[in-house]
Each structure stands twice: as C-alpha cells, then as structure tokens.
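Shown next, in structure tokens, is the structure this report addresses.
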Amino acid sequence: MNLKLAIRNLLRQGRRTLFTGLSMLVGFVLASFFIGWADGTYNNIIDGFTRNRLGHIQIHKRGYLDDPSLYKTIEDPGAVTGQIEATAHIDSWTPRIYAAGLASVSEQSAGARVIGIDPEREDRTTGIAGKLGEGKFFTGLSNQAIIGQTLATVLKAGIGDQLIIVSQGADGSIANDIYDIIALIDTGDPGLNRSGIYISLTDAQDLFVLPGQVHEIALTVDNLNHVEAATADLQRRLANSELEVDPWQVFASEFYKAMQADKNGMYLSLLVVVIVVAITILNTVLMSVLERQKEYGVLRAIGTRPGRIVGMVITETTLLAAASIVLGSILGFLLNWYFSRHGIALANPIEWGSMQFRYMKGEINARSFYLPTLTVIVTSLLVCLPPALRAARTEPAQTMRMF
C-alpha cells in the first residue's frame, strides 16, 4: 500500500519530483566523477613511475635493499622465474645486475652505475627502448653500451665512441672491458641520466664474474590493484628461500610517503565535495518534505496512522534515491570511462618523481560508486525522517493551520 501511494505521490507532483531527483542525480554524478578522477590521477602517477622504471614488485637476496652489495645475488634465477610464471596477475619480469664503476671515454672519466639487463625482457617490462634519445637499441652483439644523456655530456662521448669500464669482480679481480656506445638514453631520472650505463646481462655477468647470477628481478602486474595479492602469493611461494619479495611501497618508500602525504590532502578535498553534495541533497529533500506538512495533516485528519505517514515519506524518498542512483551510476560510469581513456590535457605538464605527466586520467572503481550511493541514501533518509515523524505526531488541526 505504501509503495502504491508513494508512486502516485511522486507522479502527481511531477515538478517537485523532478527537481528533488535531479539534485540527487547531479550530486551522485559529481561525487562519482571527482572520486574516480582523483583515484585515477594518483594511480596513474604511481603506475607510470613504477611500471616504467622500477617495477611493481622486486625480488632480491635477503638484506640487499638495506645494504646493496655486489655479493648479495640471486644464485638460481631460473628457479625463481618458474615461481613467477606460476603466479597470477604477473604481466612481465626482468632480471638485473647492479654495480659501481669508473667510466672513461678518451681522456674523460666519471663515476658510473653499471646496470646489466636482459634487453628483450627489460623492454617488455619497462619499455626502455622507447626512452632512447638517439641511437639504436641492443642488437644482440656483445660489448655494447647505452649511456645516460648527461653522462655522455660529462664524458664528451657520442654514438660510436668506445667506453672503458673499470670496477671490481665478485672474485676480487679487477673488472675492466671496452664497450661500443650505441645509444644515449633519457630515463626520466636526472641521477640515472648522470651516471647510468646499460650493458647486456651476459656482458655484466662476465664483467663482474657473476655467472648465472642477478641482483634483482623486477616484476610488473596487469593492474596496480593486484600488487598486494601478487606479492603475497610470491612471498608464500618463496618463503623457504633466502629471498625477499617487496612491493613498490617498500623499495620506493620515499616516493610512497610523498604520494601518501599528497593523497591525504586529496581525501580532504573529496570530503569537502561529498559534504557539498550532501548539503545540496539535504536542502532539496528537506524543502520537499516541509512543504507537504499540510498534506500530512490532512492524512492524519482522515485517520491515517502515524506509522503509515512515516512509511510513505521514507518509501517516496527511497524510490527517488534508488532511481537517482541507478541513473547516476550509468552516467558516472560513462563519464569516468571517458576520462579514463582520454583524461584532461594539462596546459603545463606536471613533474613527479622526475617524470612528466601531460594528462590527468580518471578510473572506474568501486569506491566511485559506493561512496556516492551511501551519501545519497543516508542524506536523503536522515533529512526526510525528522519532519515526517514531526508531522505524524502533531495534531491534524494544528499542522493544517501552521502550513
């Protein structure tokens, strides 16, 4: 009975119903968009920083992150990669070797960070070939090197020059060899541009006397939201080994802290948006209920029970809220989908973690729907209930005179 009366009342007062429903709908869509856009923006920054450089997850010998050492290696990478391949959500992985050395070209010398990579896997994982400023990627020949653009300036080196690397091998010997510079790279990291030298993994294993060993295996996942699950799965699989499996929040802790601090400010902004939406809905629904006090008085005069009046008001508000949520979810989904694909172009690109971002993109996630839903439902019901209870308890004659 309440449902039938509620539907009739909503249809009978079409203008009021439309205005109240639109306030809920607009509030829902605005909240959904701002939440999806804010979450998407930060997740895109995090994903871009980790996927294109460090990886989402890293595997090392226990204690390597606290005290990096040439001797702390993964001695059997093949066994580890077998476990990686069996783990869900892993998109790609790449092994690496890290060492310090002295780089020389002709009479110029500079300290360098030598990184041994598997060219094919590194490009598949981080897209390193797309970061070359000039030159060509590894061709499969031995003793080829790619150096940072700033390091090339310091060494006064160019493509085709010969680069000498001097360091120390894991067996205590002097590690030195000559490499042909085949490309210059802009990694997006000023420090790495100033000191980075990339050589093939096999060349690095020979240079540093680390046969079949690596210092790190970097992994990317298919979705940033799957990092936690993939990390936990790998930790379980490698629990009996001397290896550590860490997510990006651990090995990029400074970046993580900076993002968390900025996110806290974003959450405060989102809270303001939600409060504004709630006040808008509150104001519209409250006026809709208050202007009907005379109607409620008439209902009481003809013998309608107080509980029936309260139930009718709640049913009307619930129907309006439900319709607004359904339609708002469709519009919110389309809006978030569009901005997740195209984003908002920035007139001036912003730089974060030595990377430039030209677009701010949103995303479609559960929070951008359940938070606006809760806002609409809770606000609507809370604001319509007190006036309805008041009308249900007052004397019919008094209510009709007042309104």
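Chain lettering (A, B, ...) mirrors the order of the structure tokens, residue numbering begins at 1 for each chain separately, and ligand numbering begins at 1 in order of display.
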Would you give me, as a list in words, the residues in stretch 83-161 of chain A that DSSP reads as alpha helix (DSSP H)?
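Assigned to alpha helix (DSSP H), within stretch 83-161 of chain A: Gln83, Ile84, Glu85, Pro119, Glu120, Arg121, Glu122, Asp123, Arg124, Thr125, Thr126, Gln149, Thr150, Leu151, Ala152, Thr153, Val154 and Leu155 of chain A.
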Could you write those residues out with C-alpha atoms, as a compact mmCIF listing (two decimals), in the first residue's frame?
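Output below, filename part-v8.txt:
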# COMPACT_ATOMS: atom_id res chain seq x y z
CA GLN A 83 57.57 -19.49 -9.45
CA ILE A 84 56.94 -16.10 -11.05
CA GLU A 85 55.37 -17.68 -14.12
CA PRO A 119 67.38 -6.32 -23.44
CA GLU A 120 64.27 -8.15 -24.61
CA ARG A 121 62.74 -8.63 -21.16
CA GLU A 122 63.66 -5.14 -19.96
CA ASP A 123 61.96 -3.57 -22.95
CA ARG A 124 58.90 -5.77 -22.48
CA THR A 125 58.72 -4.83 -18.79
CA THR A 126 59.66 -1.13 -18.68
CA GLN A 149 72.49 11.70 -21.85
CA THR A 150 74.03 13.76 -19.05
CA LEU A 151 76.84 11.24 -18.60
CA ALA A 152 77.55 11.47 -22.33
CA THR A 153 77.95 15.24 -21.96
CA VAL A 154 80.31 14.82 -18.99
CA LEU A 155 82.40 12.26 -20.88
With only C-alpha atoms as the basis for distance, which of A:Ser368, A:Ser340, A:Gln58, A:Thr375 is at the shortest distance from A:Gln249?
A:Gln58
Could you please determine the separation between atom CA of A:Ile74 and atom CA of A:Ser142 in Å, to one decimal place?
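Atom CA of A:Ser142 lies at a distance of 23.1 Å from atom CA of A:Ile74.
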Going by DSSP on the backbone, which bits of stretch 158-243 of chain A are strand (DSSP E)? Write them as a ChimeraX atom specification, please.
/A:162-168,174-185,196-200,216-221,243
Rounded to one decimal place, report the atom CA of A:Val383-atom CA of A:Val313 distance in Å.
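Separating atom CA of A:Val383 from atom CA of A:Val313 is a distance of 10.9 Å.
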Shell of 8 Å around A:Glu75, only C-alpha atoms, local chain residues under 3 positions omitted, as a list of chain:residue names:
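Listing them by chain and then by number gives A:Gly212, A:Gln213, A:Val214.
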Shell of 8 Å around stretch 224-229 of chain A, only C-alpha atoms, local chain residues under 4 positions omitted, as a PyMOL selection string:
chain A and resi 43+47+56-57+89+233+247
Only N, CA and C atoms, please: the residues just picked out, written as a PDB file, in the first residue's frame.
ATOM      1  N   ASN A  43      46.710   6.925  -9.119  1.00  0.00           N
ATOM      2  CA  ASN A  43      47.109   5.587  -9.543  1.00  0.00           C
ATOM      3  C   ASN A  43      47.884   5.615 -10.852  1.00  0.00           C
ATOM      4  N   ASP A  47      51.516   4.172 -11.160  1.00  0.00           N
ATOM      5  CA  ASP A  47      51.753   3.129 -12.154  1.00  0.00           C
ATOM      6  C   ASP A  47      52.815   3.557 -13.161  1.00  0.00           C
ATOM      7  N   HIS A  56      56.620  -3.042 -10.272  1.00  0.00           N
ATOM      8  CA  HIS A  56      55.669  -3.019  -9.159  1.00  0.00           C
ATOM      9  C   HIS A  56      56.150  -3.857  -7.980  1.00  0.00           C
ATOM     10  N   ILE A  57      56.904  -4.907  -8.278  1.00  0.00           N
ATOM     11  CA  ILE A  57      57.409  -5.826  -7.253  1.00  0.00           C
ATOM     12  C   ILE A  57      58.867  -6.124  -7.580  1.00  0.00           C
ATOM     13  N   HIS A  89      48.403 -12.731 -12.080  1.00  0.00           N
ATOM     14  CA  HIS A  89      48.435 -11.275 -12.269  1.00  0.00           C
ATOM     15  C   HIS A  89      49.800 -10.738 -12.685  1.00  0.00           C
ATOM     16  N   ASP A 233      51.325 -13.832  -2.799  1.00  0.00           N
ATOM     17  CA  ASP A 233      51.460 -15.150  -3.429  1.00  0.00           C
ATOM     18  C   ASP A 233      52.923 -15.516  -3.626  1.00  0.00           C
ATOM     19  N   PRO A 247      56.860  -5.141  -2.406  1.00  0.00           N
ATOM     20  CA  PRO A 247      56.084  -4.290  -3.316  1.00  0.00           C
ATOM     21  C   PRO A 247      56.737  -2.928  -3.447  1.00  0.00           C
TER      22      PRO A 247
END
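Residues lying within 12 Å of A:Arg62, counting only C-alpha atoms and ignoring same-chain neighbours fewer than 5 positions away, are Asp67, Pro68, Ser69, Tyr71, Lys72, Thr73, Ile74, His215, Glu216, Leu238, Ala239, Asn240, Ser241, Glu242, Leu243, Glu244, Val245 and Asp246 of chain A.
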Atoms kept (N, CA and C atoms) for selection, written as a JSON list (two decimals), in the first residue's frame:
[["chain", "number", "residue", "atom", "x", "y", "z"],
["A", 67, "ASP", "N", 71.32, -3.09, 2.48],
["A", 67, "ASP", "CA", 72.76, -2.93, 2.27],
["A", 67, "ASP", "C", 73.14, -3.55, 0.92],
["A", 68, "PRO", "N", 72.93, -2.81, -0.17],
["A", 68, "PRO", "CA", 73.24, -3.35, -1.50],
["A", 68, "PRO", "C", 74.72, -3.75, -1.60],
["A", 69, "SER", "N", 74.95, -4.93, -2.13],
["A", 69, "SER", "CA", 76.31, -5.43, -2.25],
["A", 69, "SER", "C", 76.44, -6.26, -3.51],
["A", 71, "TYR", "N", 77.91, -8.87, -3.81],
["A", 71, "TYR", "CA", 77.93, -10.30, -3.48],
["A", 71, "TYR", "C", 76.56, -10.86, -3.10],
["A", 72, "LYS", "N", 75.60, -10.00, -2.86],
["A", 72, "LYS", "CA", 74.25, -10.47, -2.48],
["A", 72, "LYS", "C", 73.43, -10.70, -3.75],
["A", 73, "THR", "N", 73.55, -11.90, -4.28],
["A", 73, "THR", "CA", 72.92, -12.19, -5.56],
["A", 73, "THR", "C", 71.86, -13.30, -5.43],
["A", 74, "ILE", "N", 70.99, -13.33, -6.43],
["A", 74, "ILE", "CA", 70.06, -14.46, -6.60],
["A", 74, "ILE", "C", 70.82, -15.49, -7.42],
["A", 215, "HIS", "N", 71.16, -9.58, -9.35],
["A", 215, "HIS", "CA", 70.90, -8.92, -8.08],
["A", 215, "HIS", "C", 69.41, -8.69, -7.84],
["A", 216, "GLU", "N", 68.67, -8.59, -8.92],
["A", 216, "GLU", "CA", 67.28, -8.19, -8.79],
["A", 216, "GLU", "C", 66.44, -8.77, -9.92],
["A", 238, "LEU", "N", 58.05, -18.37, -2.13],
["A", 238, "LEU", "CA", 59.49, -18.28, -1.89],
["A", 238, "LEU", "C", 59.83, -18.19, -0.40],
["A", 239, "ALA", "N", 58.87, -18.62, 0.43],
["A", 239, "ALA", "CA", 59.04, -18.48, 1.89],
["A", 239, "ALA", "C", 60.25, -19.25, 2.42],
["A", 240, "ASN", "N", 60.59, -20.36, 1.80],
["A", 240, "ASN", "CA", 61.69, -21.19, 2.30],
["A", 240, "ASN", "C", 63.03, -20.85, 1.68],
["A", 241, "SER", "N", 63.08, -19.80, 0.90],
["A", 241, "SER", "CA", 64.34, -19.39, 0.26],
["A", 241, "SER", "C", 64.96, -18.24, 1.03],
["A", 242, "GLU", "N", 66.13, -17.80, 0.58],
["A", 242, "GLU", "CA", 66.80, -16.66, 1.19],
["A", 242, "GLU", "C", 66.49, -15.37, 0.44],
["A", 243, "LEU", "N", 65.33, -15.33, -0.16],
["A", 243, "LEU", "CA", 64.97, -14.19, -0.97],
["A", 243, "LEU", "C", 63.87, -13.36, -0.33],
["A", 244, "GLU", "N", 63.82, -12.09, -0.67],
["A", 244, "GLU", "CA", 62.78, -11.18, -0.21],
["A", 244, "GLU", "C", 61.94, -10.72, -1.40],
["A", 245, "VAL", "N", 60.64, -10.67, -1.18],
["A", 245, "VAL", "CA", 59.71, -10.17, -2.20],
["A", 245, "VAL", "C", 59.07, -8.91, -1.64],
["A", 246, "ASP", "N", 59.29, -7.77, -2.31],
["A", 246, "ASP", "CA", 58.81, -6.50, -1.79],
["A", 246, "ASP", "C", 57.98, -5.77, -2.83]]
